[in-house]
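Structure data (TSV, C-alpha atoms and all ligand atoms) from query-v6.tsv:
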chain	number	residue	atom	x	y	z
A	864	MET	CA	-8.37	-11.59	-5.05
A	865	PRO	CA	-8.67	-9.96	-4.37
A	866	LEU	CA	-7.68	-6.87	-2.62
A	867	ILE	CA	-4.27	-6.59	-1.03
A	868	ILE	CA	-4.02	-3.64	1.33
A	869	VAL	CA	-0.44	-2.61	1.98
A	870	THR	CA	0.08	-0.68	5.20
A	871	GLY	CA	2.94	0.70	7.26
A	872	PHE	CA	4.62	3.84	8.53
A	873	PRO	CA	5.46	6.58	6.06
A	874	THR	CA	8.75	5.81	4.22
A	875	SER	CA	8.89	2.30	5.66
A	876	GLY	CA	9.33	0.54	2.33
A	877	LYS	CA	5.71	0.02	1.28
A	878	THR	CA	6.15	0.96	-2.37
A	879	THR	CA	9.28	-1.16	-2.63
A	880	ARG	CA	7.38	-4.20	-1.38
A	881	ALA	CA	4.28	-3.38	-3.42
A	882	LYS	CA	6.41	-3.38	-6.57
A	883	GLN	CA	8.05	-6.66	-5.59
A	884	LEU	CA	4.62	-8.15	-5.02
A	885	HIS	CA	3.44	-6.82	-8.37
A	886	GLU	CA	6.36	-8.53	-10.09
A	887	TYR	CA	5.78	-11.73	-8.17
A	888	LEU	CA	2.08	-11.81	-9.03
A	889	THR	CA	2.73	-10.99	-12.68
A	890	SER	CA	4.92	-14.03	-13.06
A	891	ARG	CA	2.70	-16.19	-10.87
A	892	ILE	CA	-0.33	-15.35	-13.03
A	893	GLN	CA	1.67	-15.99	-16.17
A	894	SER	CA	2.95	-19.33	-14.99
A	895	THR	CA	-0.53	-20.54	-14.07
A	896	THR	CA	-2.02	-19.53	-17.42
A	897	PRO	CA	-1.95	-22.20	-20.13
A	898	GLU	CA	-0.41	-21.01	-23.38
A	899	GLY	CA	-2.83	-19.04	-25.51
A	900	ALA	CA	-5.41	-18.84	-22.74
A	901	THR	CA	-6.66	-15.64	-21.14
A	902	PRO	CA	-5.03	-15.11	-17.73
A	903	LYS	CA	-7.32	-15.83	-14.81
A	904	TYR	CA	-6.51	-12.50	-13.16
A	905	ARG	CA	-5.82	-8.93	-14.15
A	906	LEU	CA	-3.43	-7.08	-11.91
A	907	HIS	CA	-3.67	-3.46	-10.73
A	908	LEU	CA	-1.38	-1.35	-8.60
A	909	ILE	CA	-3.06	1.68	-7.05
A	910	SER	CA	-1.27	4.23	-4.90
A	911	ASP	CA	-1.12	7.93	-4.07
A	912	GLN	CA	1.49	8.20	-6.81
A	913	THR	CA	-0.61	6.50	-9.49
A	914	LEU	CA	-3.45	8.90	-8.64
A	915	SER	CA	-1.13	11.92	-8.25
A	916	ILE	CA	-2.12	12.48	-4.64
A	917	SER	CA	0.36	14.73	-2.87
A	918	ARG	CA	1.95	13.96	0.51
A	919	SER	CA	0.62	17.25	1.77
A	920	VAL	CA	-2.96	15.99	1.92
A	921	TYR	CA	-1.99	14.14	5.10
A	922	ASP	CA	-0.48	17.21	6.66
A	923	LEU	CA	-2.59	18.32	9.60
A	924	SER	CA	0.08	20.68	10.85
A	925	VAL	CA	-0.88	23.22	8.21
A	926	LEU	CA	-4.49	23.30	9.41
A	927	PRO	CA	-5.74	25.38	12.32
A	928	ALA	CA	-6.49	23.10	15.29
A	929	HIS	CA	-10.27	23.48	15.19
A	930	THR	CA	-10.50	22.25	11.60
A	931	ARG	CA	-8.43	19.13	12.16
A	932	SER	CA	-11.35	16.78	12.32
A	933	ALA	CA	-12.45	17.96	8.92
A	934	ASN	CA	-9.30	17.45	6.94
A	935	ALA	CA	-11.02	17.75	3.61
A	936	SER	CA	-8.00	17.12	1.43
A	937	GLU	CA	-7.29	13.76	3.03
A	938	LYS	CA	-10.96	12.84	2.77
A	939	ASP	CA	-10.91	13.72	-0.91
A	940	ALA	CA	-7.77	11.66	-1.37
A	941	ARG	CA	-9.44	8.69	0.29
A	942	ALA	CA	-12.48	9.14	-1.90
A	943	SER	CA	-10.28	9.01	-5.03
A	944	LEU	CA	-8.50	5.92	-3.79
A	945	TYR	CA	-11.80	4.30	-2.92
A	946	GLY	CA	-13.20	5.12	-6.35
A	947	ALA	CA	-10.13	3.73	-8.09
A	948	VAL	CA	-10.33	0.48	-6.13
A	949	LYS	CA	-14.07	0.14	-6.64
A	950	ARG	CA	-13.80	0.68	-10.38
A	951	VAL	CA	-11.57	-2.33	-10.92
A	952	LEU	CA	-12.06	-4.66	-7.98
A	953	SER	CA	-13.71	-7.94	-8.89
A	954	ASP	CA	-13.20	-11.60	-8.50
A	955	LYS	CA	-10.91	-11.53	-11.53
A	956	ASP	CA	-8.94	-8.46	-10.65
A	957	ILE	CA	-6.13	-8.45	-8.16
A	958	VAL	CA	-5.69	-5.00	-6.68
A	959	ILE	CA	-2.59	-4.00	-4.74
A	960	LEU	CA	-3.40	-0.86	-2.79
A	961	ASP	CA	-0.07	0.67	-1.87
A	962	GLY	CA	-0.44	3.39	0.73
A	963	LEU	CA	-0.39	4.32	4.38
A	964	ASN	CA	-3.83	2.78	4.98
A	965	TYR	CA	-3.32	3.68	8.60
A	966	ILE	CA	-6.93	4.22	9.68
A	967	LYS	CA	-8.66	1.15	10.99
A	968	GLY	CA	-12.09	2.37	9.85
A	969	TRP	CA	-10.71	2.89	6.34
A	970	ARG	CA	-9.38	-0.66	6.22
A	971	TYR	CA	-12.79	-1.85	7.41
A	972	GLN	CA	-14.46	0.08	4.62
A	973	LEU	CA	-12.15	-1.55	2.05
A	974	PHE	CA	-12.78	-4.98	3.53
A	975	CYS	CA	-16.54	-4.41	3.14
A	976	GLU	CA	-16.03	-3.31	-0.44
A	977	ALA	CA	-14.19	-6.53	-1.25
A	978	LYS	CA	-16.87	-8.53	0.46
A	979	ALA	CA	-19.54	-6.76	-1.55
A	980	VAL	CA	-17.94	-8.01	-4.76
A	981	ARG	CA	-17.35	-11.40	-3.16
A	982	THR	CA	-13.64	-11.37	-3.35
A	983	PRO	CA	-11.07	-11.93	-0.60
A	984	SER	CA	-8.98	-9.21	0.95
A	985	CYS	CA	-5.84	-9.29	3.03
A	986	ILE	CA	-3.35	-6.98	4.67
A	987	LEU	CA	0.35	-6.80	3.93
A	988	GLN	CA	1.99	-4.92	6.75
A	989	ILE	CA	5.44	-3.47	6.22
A	990	GLY	CA	7.35	-3.58	9.48
A	991	CYS	CA	10.09	-1.04	9.90
A	992	SER	CA	11.43	0.73	12.96
A	993	LYS	CA	10.46	4.35	13.41
A	994	GLU	CA	14.12	5.35	13.43
A	995	ARG	CA	14.87	3.66	10.11
A	996	ALA	CA	11.77	5.06	8.43
A	997	ARG	CA	12.60	8.53	9.75
A	998	GLU	CA	16.11	8.28	8.32
A	999	VAL	CA	14.68	7.46	4.89
A	1000	ASN	CA	12.46	10.51	5.03
A	1001	GLU	CA	15.31	12.73	6.17
A	1002	ALA	CA	17.51	11.46	3.35
A	1003	ARG	CA	14.75	12.32	0.91
A	1004	LEU	CA	14.32	15.75	2.42
A	1005	SER	CA	17.99	16.55	2.06
A	1006	ARG	CA	18.02	15.24	-1.50
A	1007	GLU	CA	15.15	17.54	-2.31
A	1008	ALA	CA	16.89	20.44	-0.63
A	1009	GLY	CA	19.85	19.66	-2.87
A	1010	GLY	CA	17.75	20.37	-5.94
A	1011	ASP	CA	16.84	16.83	-6.82
A	1012	ALA	CA	13.16	17.74	-6.82
A	1013	ASP	CA	13.57	19.28	-10.25
A	1014	ALA	CA	15.25	16.18	-11.55
A	1015	ARG	CA	12.31	14.17	-10.31
A	1016	LYS	CA	9.84	16.42	-12.04
A	1017	ASN	CA	11.73	16.03	-15.27
A	1018	GLY	CA	11.29	12.31	-15.05
A	1019	ASP	CA	14.91	11.26	-15.22
A	1020	ASP	CA	16.56	8.50	-13.25
A	1021	ALA	CA	15.39	9.81	-9.91
A	1022	ALA	CA	11.78	9.48	-11.08
A	1023	ALA	CA	11.47	6.29	-9.09
A	1024	VAL	CA	12.21	8.24	-5.92
A	1025	GLU	CA	9.10	9.44	-4.18
A	1026	GLY	CA	8.71	12.79	-2.49
A	1027	ALA	CA	9.53	13.35	1.17
A	1028	TYR	CA	7.04	14.21	3.91
A	1029	GLU	CA	7.42	17.44	5.85
A	1030	PRO	CA	8.94	16.38	9.20
A	1031	ALA	CA	5.89	17.42	11.27
A	1032	ASN	CA	3.61	15.59	8.84
A	1033	TRP	CA	5.78	12.48	9.07
A	1034	GLU	CA	5.83	12.47	12.90
A	1035	ASN	CA	2.12	13.02	13.03
A	1036	LEU	CA	1.36	10.16	10.65
A	1037	VAL	CA	3.44	7.80	12.77
A	1038	PHE	CA	1.57	9.02	15.85
A	1039	ARG	CA	-1.80	8.49	14.16
A	1040	TYR	CA	-0.92	5.06	12.80
A	1041	GLU	CA	-3.46	2.42	13.82
A	1042	GLU	CA	-1.67	-0.90	13.94
A	1043	PRO	CA	-3.52	-3.74	12.18
A	1044	ASN	CA	-5.08	-6.25	14.53
A	1045	PRO	CA	-5.26	-9.75	13.02
A	1046	MET	CA	-7.99	-10.67	15.51
A	1047	THR	CA	-10.41	-8.52	13.54
A	1048	ARG	CA	-11.99	-9.75	10.32
A	1049	TRP	CA	-10.95	-6.70	8.35
A	1050	ASP	CA	-7.27	-6.93	9.31
A	1051	SER	CA	-6.94	-10.59	8.49
A	1052	PRO	CA	-5.36	-12.51	7.05
A	1053	LEU	CA	-2.37	-10.38	7.97
A	1054	PHE	CA	0.98	-10.89	6.29
A	1055	THR	CA	4.10	-9.12	7.46
A	1056	LEU	CA	7.38	-8.26	5.84
A	1057	ILE	CA	10.09	-6.45	7.70
A	1058	TRP	CA	12.82	-4.28	6.22
A	1059	GLU	CA	15.47	-6.98	6.77
A	1060	ASP	CA	13.50	-9.77	5.05
A	1061	GLY	CA	15.55	-11.07	2.15
A	1062	GLU	CA	14.52	-12.67	-1.10
A	1063	GLN	CA	13.77	-16.06	0.35
A	1064	GLN	CA	11.58	-14.85	3.21
A	1065	THR	CA	9.82	-12.42	0.89
A	1066	LYS	CA	9.03	-15.22	-1.53
A	1067	GLN	CA	7.67	-17.34	1.30
A	1068	VAL	CA	5.35	-14.56	2.43
A	1069	PHE	CA	4.19	-13.91	-1.14
A	1070	ASP	CA	3.61	-17.64	-1.65
A	1071	SER	CA	1.35	-17.86	1.38
A	1072	LEU	CA	-0.40	-14.67	0.36
A	1073	TRP	CA	-1.08	-16.19	-3.05
A	1074	ASP	CA	-2.43	-19.39	-1.48
A	1075	VAL	CA	-4.92	-17.46	0.58
A	1076	VAL	CA	-6.12	-15.06	-2.06
A	1077	ALA	CA	-5.87	-17.02	-5.29
A	1078	GLY	CA	-4.68	-20.53	-4.55
A	1079	ASP	CA	-5.85	-23.61	-2.77
A	1080	LEU	CA	-6.60	-21.96	0.52
A	1081	ARG	CA	-8.86	-19.39	-1.00
A	1082	LYS	CA	-12.22	-19.27	0.69
A	1083	VAL	CA	-15.49	-18.54	-0.99
A	1084	VAL	CA	-16.57	-15.12	0.20
A	1085	LYS	CA	-20.19	-14.73	1.14
A	1086	PRO	CA	-21.56	-11.21	1.30
A	1087	ASN	CA	-22.96	-11.33	4.83
A	1088	GLN	CA	-20.52	-13.59	6.62
B	1101	LIG	P1	7.24	4.05	1.27
B	1101	LIG	O1	6.50	3.65	0.04
B	1101	LIG	O2	6.76	3.35	2.51
B	1101	LIG	O3	7.29	5.53	1.45
B	1101	LIG	P2	9.59	3.20	-0.18
B	1101	LIG	O4	9.26	1.82	-0.65
B	1101	LIG	O5	9.50	4.27	-1.17
B	1101	LIG	O6	8.76	3.56	1.13
B	1101	LIG	O7	11.05	3.06	0.44
B	1101	LIG	C1	11.78	4.10	0.97
B	1101	LIG	C2	13.25	3.93	0.66
B	1101	LIG	O8	13.78	2.85	1.38
B	1101	LIG	C3	13.55	3.67	-0.80
B	1101	LIG	O9	14.67	4.43	-1.16
B	1101	LIG	C4	13.87	2.21	-0.88
B	1101	LIG	O10	14.83	1.94	-1.86
B	1101	LIG	C5	14.38	1.90	0.51
B	1101	LIG	N1	13.93	0.58	0.96
B	1101	LIG	C6	12.65	0.23	1.14
B	1101	LIG	N2	12.54	-1.02	1.62
B	1101	LIG	C7	13.80	-1.48	1.74
B	1101	LIG	C8	14.37	-2.72	2.20
B	1101	LIG	N3	13.59	-3.73	2.62
B	1101	LIG	N4	15.70	-2.83	2.21
B	1101	LIG	C9	16.48	-1.82	1.81
B	1101	LIG	N5	16.02	-0.62	1.35
B	1101	LIG	C10	14.70	-0.45	1.31
B	1102	MG	MG	5.15	4.72	-1.11

As structure tokens, how would this structure be written, given the file I've shared?
Ligand code: ADP
Ligand code: MG
Amino acid sequence: MPLIIVTGFPTSGKTTRAKQLHEYLTSRIQSTTPEGATPKYRLHLISDQTLSISRSVYDLSVLPAHTRSANASEKDARASLYGAVKRVLSDKDIVILDGLNYIKGWRYQLFCEAKAVRTPSCILQIGCSKERAREVNEARLSREAGGDADARKNGDDAAAVEGAYEPANWENLVFRYEEPNPMTRWDSPLFTLIWEDGEQQTKQVFDSLWDVVAGDLRKVVKPNQ
């Protein structure tokens, strides 16, 4: 595969699902590998967190209006993500890219990259209402205000908790979000999980995702299709 692009609003549950998918794929790869054989796929999880990219790179509210189109820090962040994907992506490497991935042109660029190495790509959209996602961010903000940020830095139990977005940054990212359109080549196949989806539904979605990117339904990718 195979490149799996996770997308959704900020604090909508993307990382939670990306980790579930990582676990699912780990066991799926294991179970399809004969004993003693080399697994058919290597698995990679790439995100802002794995590359130490701060939430603030997305924050346009700190820039003067006339420089908004040239948000260098976000461009740099995208360049690092792109580099990290490009370094490992191949026909034998499954890459889960966990992030906002909210710009349609960016998803197109990733789709082209996958095509260039002749491997399939797909989108996993995390559906979550704005209100719910906002609540998650607010809860994180108040936790941080309560001094939990230090605990996170020290790598204790709260280490799994990601940082919050500044409220204006959060609102702006939701406003800028470009919904995937499954009618376009680069946003398809499109898989969706919503917040409420339980174990069974999640497994079903992951099963069909596997079929498309690594299983029987996998198509041979030609570079100029
Ligand atoms: P994102 O990566 O989009 O910022 P996270 O995956 O970090 O979002 O999730 C934000 C918070 O919401 C976490 O505390 C997580 O435990 C919780 N969460 C995420 N998805 C679900 C879900 N489907 N059901 C219940 N809680 C969830
Ligand atoms: Mg996340």

If you count only C-alpha atoms, which residues fall within 8 Å of Ile957 in chain A, apart from same-chain ones fewer than 6 positions away, as a PDB file with C-alpha atoms, in the frame of the given file?
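What follows is the written file result.pdb:
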ATOM      1  CA  MET A 864      -8.370 -11.590  -5.050  1.00  0.00           C
ATOM      2  CA  PRO A 865      -8.670  -9.960  -4.370  1.00  0.00           C
ATOM      3  CA  LEU A 866      -7.680  -6.870  -2.620  1.00  0.00           C
ATOM      4  CA  ILE A 867      -4.270  -6.590  -1.030  1.00  0.00           C
ATOM      5  CA  TYR A 904      -6.510 -12.500 -13.160  1.00  0.00           C
ATOM      6  CA  ARG A 905      -5.820  -8.930 -14.150  1.00  0.00           C
ATOM      7  CA  LEU A 906      -3.430  -7.080 -11.910  1.00  0.00           C
ATOM      8  CA  HIS A 907      -3.670  -3.460 -10.730  1.00  0.00           C
TER       9      HIS A 907
END

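Relative to CA of Asp939 in chain A, atom O9 of ligand LIG 1101 (chain B) is found at 27.2 Å.
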
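Using only C-alpha atoms and all ligand atoms, the smallest distance between any of A:Val951, A:Leu1056, A:Cys975, A:Ala881 and ligand MG 1102 (chain B) comes from A:Ala881.
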
Which is closer to Glu1042 in chain A than all the others in A:Thr879, A:Thr1055, A:Ser919, A:Ser984, using only C-alpha atoms?
A:Thr1055

Considering all atoms listed in the file, tabulate each residue of chain A that lies at most 10 Å from ligand MG 1102 (chain B) along with its nearest interatomic pair and the corresponding distance in Å to one decimal; arrange the rows by chain and ascending residue number and present them as a Markdown table.
| residue | atom | partner | partner_atom | distance |
| --- | --- | --- | --- | --- |
| A:Val869 | CA | B:MG1102 | MG | 9.7 |
| A:Thr870 | CA | B:MG1102 | MG | 9.7 |
| A:Gly871 | CA | B:MG1102 | MG | 9.5 |
| A:Phe872 | CA | B:MG1102 | MG | 9.7 |
| A:Pro873 | CA | B:MG1102 | MG | 7.4 |
| A:Thr874 | CA | B:MG1102 | MG | 6.5 |
| A:Ser875 | CA | B:MG1102 | MG | 8.1 |
| A:Gly876 | CA | B:MG1102 | MG | 6.8 |
| A:Lys877 | CA | B:MG1102 | MG | 5.3 |
| A:Thr878 | CA | B:MG1102 | MG | 4.1 |
| A:Thr879 | CA | B:MG1102 | MG | 7.3 |
| A:Arg880 | CA | B:MG1102 | MG | 9.2 |
| A:Ala881 | CA | B:MG1102 | MG | 8.5 |
| A:Lys882 | CA | B:MG1102 | MG | 9.8 |
| A:Ser910 | CA | B:MG1102 | MG | 7.5 |
| A:Asp911 | CA | B:MG1102 | MG | 7.6 |
| A:Gln912 | CA | B:MG1102 | MG | 7.6 |
| A:Arg918 | CA | B:MG1102 | MG | 9.9 |
| A:Asp961 | CA | B:MG1102 | MG | 6.7 |
| A:Gly962 | CA | B:MG1102 | MG | 6.0 |
| A:Leu963 | CA | B:MG1102 | MG | 7.8 |
| A:Val1024 | CA | B:MG1102 | MG | 9.2 |
| A:Glu1025 | CA | B:MG1102 | MG | 6.9 |
| A:Gly1026 | CA | B:MG1102 | MG | 8.9 |
| A:Ala1027 | CA | B:MG1102 | MG | 9.9 |

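For Ile916 in chain A, the residues within 10 Å (counting all atoms listed in the file, excluding itself and residues fewer than 5 positions away along the chain) are Ser910, Asp911, Tyr921, Ser936, Glu937, Asp939, Ala940, Arg941, Ser943 and Leu944 of chain A.
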
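The gap separating CA of Ala979 in chain A from CA of Lys949 in chain A is 10.2 Å, in Å to one decimal.
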
Need the axis-aligned box for range 972-980 of chain A with 5 Å each side, so what are the centre and edges in Å to one decimal, as AutoDock Vina command-line options?
--center_x -15.8 --center_y -4.2 --center_z -0.1 --size_x 17.4 --size_y 18.6 --size_z 19.4

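Put simply, CA of Phe974 in chain A is 5.4 Å away from CA of Trp1049 in chain A.
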
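The residue that comes closest to Ser953 in chain A, out of A:Thr913, A:Lys903, A:Val1075, A:Glu1001 and on the basis of all atoms listed in the file, is A:Lys903.
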
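Proximity to ligand LIG 1101 (chain B) was assessed for A:Thr1065, A:Thr982, A:Thr901, A:Thr895 counting all atoms listed in the file; the smallest distance is recorded for A:Thr1065.
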
Written-out range 994-1007 of chain A (N, CA and C atoms) as a PDB file, in the first residue's frame:
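Written file, selection_2.pdb:
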ATOM      1  N   GLU A 994     -18.911  20.399  17.044  1.00  0.00           N
ATOM      2  CA  GLU A 994     -19.142  20.664  18.471  1.00  0.00           C
ATOM      3  C   GLU A 994     -18.337  19.687  19.324  1.00  0.00           C
ATOM      4  N   ARG A 995     -18.381  18.409  18.939  1.00  0.00           N
ATOM      5  CA  ARG A 995     -17.668  17.382  19.708  1.00  0.00           C
ATOM      6  C   ARG A 995     -16.155  17.639  19.656  1.00  0.00           C
ATOM      7  N   ALA A 996     -15.667  17.899  18.433  1.00  0.00           N
ATOM      8  CA  ALA A 996     -14.229  18.118  18.273  1.00  0.00           C
ATOM      9  C   ALA A 996     -13.789  19.357  19.068  1.00  0.00           C
ATOM     10  N   ARG A 997     -14.645  20.381  19.071  1.00  0.00           N
ATOM     11  CA  ARG A 997     -14.309  21.600  19.806  1.00  0.00           C
ATOM     12  C   ARG A 997     -14.222  21.315  21.311  1.00  0.00           C
ATOM     13  N   GLU A 998     -15.165  20.491  21.787  1.00  0.00           N
ATOM     14  CA  GLU A 998     -15.144  20.120  23.212  1.00  0.00           C
ATOM     15  C   GLU A 998     -13.834  19.436  23.587  1.00  0.00           C
ATOM     16  N   VAL A 999     -13.370  18.560  22.710  1.00  0.00           N
ATOM     17  CA  VAL A 999     -12.118  17.835  22.985  1.00  0.00           C
ATOM     18  C   VAL A 999     -10.971  18.826  23.109  1.00  0.00           C
ATOM     19  N   ASN A1000     -10.957  19.805  22.190  1.00  0.00           N
ATOM     20  CA  ASN A1000      -9.880  20.791  22.234  1.00  0.00           C
ATOM     21  C   ASN A1000      -9.970  21.636  23.505  1.00  0.00           C
ATOM     22  N   GLU A1001     -11.207  22.008  23.855  1.00  0.00           N
ATOM     23  CA  GLU A1001     -11.365  22.834  25.061  1.00  0.00           C
ATOM     24  C   GLU A1001     -10.938  22.067  26.310  1.00  0.00           C
ATOM     25  N   ALA A1002     -11.267  20.779  26.336  1.00  0.00           N
ATOM     26  CA  ALA A1002     -10.855  19.963  27.489  1.00  0.00           C
ATOM     27  C   ALA A1002      -9.331  19.915  27.575  1.00  0.00           C
ATOM     28  N   ARG A1003      -8.693  19.816  26.424  1.00  0.00           N
ATOM     29  CA  ARG A1003      -7.224  19.788  26.414  1.00  0.00           C
ATOM     30  C   ARG A1003      -6.643  21.114  26.870  1.00  0.00           C
ATOM     31  N   LEU A1004      -7.289  22.190  26.406  1.00  0.00           N
ATOM     32  CA  LEU A1004      -6.815  23.519  26.799  1.00  0.00           C
ATOM     33  C   LEU A1004      -6.897  23.686  28.314  1.00  0.00           C
ATOM     34  N   SER A1005      -8.022  23.241  28.900  1.00  0.00           N
ATOM     35  CA  SER A1005      -8.135  23.471  30.340  1.00  0.00           C
ATOM     36  C   SER A1005      -7.211  22.547  31.113  1.00  0.00           C
ATOM     37  N   ARG A1006      -6.933  21.371  30.553  1.00  0.00           N
ATOM     38  CA  ARG A1006      -5.956  20.490  31.205  1.00  0.00           C
ATOM     39  C   ARG A1006      -4.578  21.139  31.207  1.00  0.00           C
ATOM     40  N   GLU A1007      -4.267  21.745  30.060  1.00  0.00           N
ATOM     41  CA  GLU A1007      -2.956  22.400  29.974  1.00  0.00           C
ATOM     42  C   GLU A1007      -2.866  23.585  30.918  1.00  0.00           C
TER      43      GLU A1007
END
